[in-house]
Structure formats: C-alpha cells, structure tokens
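Visitor: My questions will all concern the structure given below.
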Amino acid sequence: MQAVITVVGSDKVGILAKVSTICAEHGVNIEEVTQSILRGTFAMIMLCTLPQDGVAFSTLAEELRAGGQELGVDVNITRQDIYDVMHNI
Amino acid sequence: MINTGNIIETIRMFNDENLDVRTVTMGISLLDCADPDPAAACRKIYEKIVRRAKYLVPVCEAITAEYGIPIVNKRISVTPIAMLLAACPDGDPVEFAKTLDRAAEAVGVNFIGGFSALVNKGFSAGDERLIAAIPEALAQTERVCSSVNAGSTKSGINMDAVAMLGPVIRRAAELTADRNCVGAAKLVVFCNAPDDNPFMAGAFHGPGEPDCVINVGVSGPGAVRSALQKHAKGADIAGVAETIKKTAFKITRMGQLVGELAGKALQVPFGIVDLSLAPTPAIGDSVADVLEEMGLESVGGYGTTAALALLNDAVKKGGVMASGLVGGLSGAFIPVSEDAGMIAAAERGDLTLEKLEAMTAVCSVGLDMIVVPGDTPAEVLSAMIADEAAIGMVNSKTTAVRVIPAIGKQVGDRLDFGGLLGYGPVMPVNTASPAAFIARGGRIPAPLQALKN
C-alpha cells in the first residue's frame with residue numbers, strides 16, 4: 001500500500017532521521033522525499049510503501065504522530081489514493 | 001512521483017477550507033419488518049437497523065484515519081414508516097419513532113431519517129396517522145427526522161396534505177418550544193422528494209431502493225470560495241463557472257472514493273454521491289460567501305439568483321464527471337441558519353423570504369432552516385409549502401420547506417439550535433391570509449410537464 005507522510009512545523013535537527021527510523025522499524029520503504037521551507041514553516045512530504053501484512057496502518061500513524069510530538073512537528077500519514085483520485089481524471 | 005502541489009492543496013482543503021464528507025448515510029429497507037403486531041414490527045425494525053448499521057461508524061472512522069478525509073456525520077435512512085404503519089392498523093406511530101431513536105443511539109448515529117410518508121397523490125393506510133403523529137414523535141425523540149412528500153411533477157400537489165402540514169409544523173415547534181422549537185427543524189415537506197437523499201432532515205430510503213445501500217453527501221463551499229479567490233480573480237463569468245467545475249470535480253471524487261470504500265467494507269452496494277454544496281455555520285463554510293465572492297455585495301441582492309444558478313449548474317457539471325453514480329438532491333443548499341453568510345445577510349435585512357423563494361427555483365432544495373415569527377398562522381405555513389411545491393412541480397425539481405415558527409418570538413429575535421443546525425434571526429413573513437385557498441383541499445392537477453411519454 002502506498003502512503004504519503006507529511007511533516008509540518010518549525011525546522012529542527014533530526015526530523016528526517018526520526019521519521020525514517022520509525023519507517024525502517026516497520027519495514028516501510030521510503031521512495032521519495034521532498035522538503036521545503038514555506039514561509040518559515042518546514043514542510044516535508046514522503047512517498048512510501050507499507051509492506052503487505054506488515055504493521056497496521058493505525059499503529060504506524062500513531063507512532064509517527066507521537067514521534068512528531070517529541071520534536072514539536074505535525075506528522076500525518078494518509079493513503080495515497082486520495083491524492084490520485086482528487087487530482088487525476 | 002510526488003506532486004507536492006496536489007498534496008498541499010488537498011491538505012489545505014481539509015484543514016483550512018472545511019472540506020469534508022458531510023454524511024455517509026446507510027439506507028436500510030424496512031419493508032421486511034412489516035407486521036400487524038406493533039410490538040413485533042418495532043422489534044424487527046430495531047434488530048434490522050442494528051444488524052445492518054453496527055459497523056457503519058467504525059468503518060467511517062477507519063476511512064478518516066487512513067485517508068485523512070473528515071466524515072462529519074454517519075446517518076441512517078429507512079423506508080418511510082407510514083408504509084409499515086399501513087400493515088399495522090393498531091400501531092402507535094410514536095412507538096415506531098422511539099424504536100428508530102433507540103436503534104440510532106445503539107449504533108452511534110446522530111440522525112435517522114424516514115419517519116416519513118409519501119402522499120404526493122393521496123393518502124394510503126398509515127399516511128394520515130403518521131403525519132398527525134409527527135409533532136409528538138419529534139418531541140419525544142432526539143435523533144429521528146421526518147419528511148413528507150406532498151407533491152410531484154407527475155402527480156400534482158396533494159393540497160389536503162398541504163393543509164394538514166401547516167398545523168403539523170406549528171405543533172412540532174410548540175411541543176419543543178423549551179428546546180428552541182427544534183422539532184420543526186427536523187421536519188421537511190417536499191415536492192419531488194428523491195428516494196436516495198443522504199442529507200437530513202429529508203433522508204428516507206425509497207421503496208425502489210435495494211435492501212441496504214450506502215449514499216454519500218459531500219460538502220465544500222469553503223473550497224469553492226477559496227478556488228475562486230485564487231483562480232478566478234478578474235475572470236469573466238465563464239471562467240468562474242470553470243473554476244467551480246474543477247473544484248466540484250475534486251470534491252466529488254473524494255465522495256466517490258469514500259462511498260466505494262464504505263460500501264466495500266460494509267459489504268453493501270454503493271448507491272450515489274449527492275453533489276451538494278452543504279454549508280455549516282462555521283466561518284468559511286458558506287454558500288453565501290461563494291455567491292459574494294462572485295461579486296455581490298450581499299447575498300439576497302439582485303444578481304443572487306443568477307449567481308446561484310451558475311453555481312448550481314457548475315457544481316453538477318464538475319461532479320457528474322467525477323462520479324459514475326450521482327443522485328440525491330445534488331446542487332447548492334441554501335439553508336439560512338446553517339450558513340454564516342446567509343445569517344448575516346438575513347440579519348442585515350438584505351436576504352428576505354421572497355428572495356429565498358426565487359433562489360429555490362434555481363438550486364437544489366427550497367426554503368430551508370428559516371426561522372419565522374412564532375405567531376405565523378398555520379394556513380400561511382401551508383401556503384408557503386404550496387408555493388414551494390408549485391415551483392418544484394412546474395420545474396421538475398425537488399423543492400422543500402423546513403421553516404421553524406419561533407414560539408414566543410418576533411422579528412428581531414433569534415433562535416439558536418446549536419451545532420450543525422446553527423442559529424437564525426426571525427424573518428418577517430407576509431401574513432395576508434390564504435386561509436380560504438388552503439381550506440379548499442383536493443389536488444392541484446399535474447402540469448403539462450408531467451406528460452413526457
């Protein structure tokens with residue numbers, strides 16, 4: 001299953017490391033990363049693939065959220081389908 | 001490949017522009033629950049609703065968690081209860097309403113629609129009993145919504161039902177006067193009522209529908225307004241329509257995805273997406289704001305009907321491209337108390353009942369969530385229904401009346417329902433008496449538009 005992780009908040013050392021560590025622990029493959037600073041706010045978007053029969057989506061989402069809280073950023077994960085259906089015919 | 005722009009736009013639509021799926025509504029047929037013994041009928045109704053809808057709320061919550069799509073309401077519509085009363089001559093309609101209320105509570109939905117009767121051509125067994133019991137049923141329940149279809153293009157307008165319903169609306173308000181007359185806010189009188197409408201208070205599960213079905217109602221006026229601000233500055237009207245179409249496409253695709261996912265998870269066929277722009281009282285979630293963004297100083301002024309017609313049409317054109325299964329009401333909603341921009345315009349005196357009536361000729365529903373003085377005579381309410389039904393009948397569209405007589409209040413006062421139902425100023429009503437017209441009863445014959453074969 002493909003999913004999109006978004007990280008929004010003030011830029012800090014270790015954000016990418018934190019998120020990718022959580023992903024690696026669950027065998028989630030990060031395929032693409034883009035990041036930018038939008039009006040002083042750090043925004044990172046990661047495209048990843050969850051392993052079949054691996055970690056439950058809700059567990060991963062919770063761990064990412066908690067990891068983000070430690071660093072003071074919002075980390076969310078959503079399935080990629082929503083972006084595909086809304087923006088492609 | 002990551003398309004950053006699309007992802008950020010989607011997140012912004014959800015987080016900043018109040019885009020959401022307004023409702024996932026499970027339609028459940030209760031035809032197989034008919035029983036001459038009222039206790040047995042109620043038992044079967046409760047069991048079937050709970051069995052069918054047990055997982056509705058958890059499934060919707062899981063979709064929100066995985067896809068990030070907010071689903072505001074999970075609701076149920078059922079077969080018009082008057083049909084079950086027909087088989088149950090000794091049944092007390094209020095007991096049926098209480099059964100619906102208990103079942104809705106058990107499965108965790110906030111509204112259940114279908115305390116309804118379809119009387120567009122006349123009354124059959126059970127219909128008059130149900131209509132007479134509506135005020136009591138709405139006063140004694142929390143979650144039950146009621147509707148009556150009093151006319152259609154094919155059959156004309158049942159003026160006997162119209163005459164009954166003015167007093168029923170008044171009584172529904174009187175019996176709930178201590179709760180801001182909320183009874184009347186849960187009662188809709190339709191012409192050309194759709195069988196698959198997912199939105200409350202008018203949702204019911206029509207007799208031609210499958211045993212169980214999932215229908216989805218989308219929202220998104222905030223997203224449309226924002227798109228107009230960003231992409232239609234300085235554009236001509238065709239450019240405005242094009243921007244609305246594109247946004248409606250995106251919104252509807254989201255609804256289609258949710259319907260497919262919910263249907264699959266619940267093992268229930270996916271029925272339709274209702275392409276409606278449904279506002280809420282939240283700032284930035286207003287259909288009035290969209291109309292004003294097009295260039296009107298205030299909704300209700302001249303130009304409003306034209307702007308609304310354009311909006312309604314563009315929403316449908318964009319939405320129809322996005323979903324293979326479209327139905328329900330599908331169009332822009334203009335409820336006054338549920339739309340911050342409409343409330344403000346009504347309070348300023350820019351938006352009047354007469355203008356709202358004109359607007360109902362070009363949008364999806366009718367006089368919706370309008371607070372009228374508490375002493376408005378019942379026959380005036382009936383005549384208001386007749387006028388709206390006539391607009392629906394002649395234009396082959398759905399129209400509806402959901403007005404709330406604010407018992408004990410006058411123009412200048414305000415009624416506050418709280419939550420999604422919002423609040424509204426008491427609006428002035430022309431009370432020149434239609435009593436003799438309404439007292440005639442009978443049926444307005446179907447118009448020539450009905451003869452399409």
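In the structure tokens, chains take letters A, B, ... by order of appearance, with residues numbered from 1 within each chain and ligands from 1 in the order shown.
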When you get a sec, could you note down which chain A residues fall within 10 Å of chain B, using only C-alpha atoms, as a PyMOL selection string?

Guide: chain A and resi 3-4+6+31-35+43-47+57-58+61+76-89

Visitor: As JSON, numbers by chain, please: the residues near B:Cys363 (cut-off 12 Å, only C-alpha atoms, same-chain neighbours under 6 positions excluded).

Guide: {"B": [275, 276, 277, 278, 287, 304, 305, 306, 307, 308, 309, 310, 311, 312, 313, 314, 315, 316, 329, 330, 331, 332, 333, 334, 335, 356, 357, 391, 392, 395, 397, 398, 399, 400]}

Visitor: Name all residues at most 10 Å from B:Lys98 (count only C-alpha atoms; drop same-chain ones fewer than 6 positions away) and give them as a list in words.

Guide: Cys42, Tyr46, Ala104, Ala137, Leu138, Gln140, Thr141, Glu142, Arg143 and Val144 of chain B

Visitor: So, counting only C-alpha atoms, which residue among A:Ala17, A:Ala56, A:Met1, A:Val73 is closest to A:Asn29?

Guide: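 Ranked by minimum distance to A:Asn29, first place goes to A:Met1.
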
Visitor: Using only C-alpha atoms, which of the listed residues (B:Asp101, B:Glu379, B:Glu338, B:Glu61) sits closest to B:Ala139?

Guide: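 Among the listed residues, B:Asp101 lies closest to B:Ala139.
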
Visitor: Assign secondary structure with DSSP using the backbone only, and return the residues of chain A in helix (DSSP H, G or I) as number ranges by chain.

Guide: A: 15-25, 57-71, 81-87

Visitor: To one decimal place in Å, what is the distance between atom CA of B:Val273 and atom CA of B:Met200?

Guide: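 Pair atom CA of B:Val273 / atom CA of B:Met200 returns 14.6 Å.
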
Visitor: Looking only at the backbone, which of the residues in stretch 180-325 of chain B does DSSP tag as strand (DSSP E), as a ChimeraX atom specification?

Guide: /B:187-191,212-218,270-274

Visitor: Between atom CA of B:Val109 and atom CA of B:Pro135, what is the spacing in Å?

Guide: 21.5 Å

Visitor: Write out, as CSV, each residue of stretch 130-225 of chain B that has an atom at most 7 Å from stretch 428-441 of chain B, together with the closest pair of atoms and their distance in Å to one decimal, counting only C-alpha atoms, rows going by chain and rising number.

Guide:
```
residue,atom,partner,partner_atom,distance
B:Met159,CA,B:Gly441,CA,5.0
B:Asp160,CA,B:Gly441,CA,4.7
B:Ala163,CA,B:Ile438,CA,5.9
```

Visitor: Have a look at atom CA of A:Thr41 and atom CA of A:Gly9 and let me know their distance in Å, one decimal.

Guide: 5.5 Å
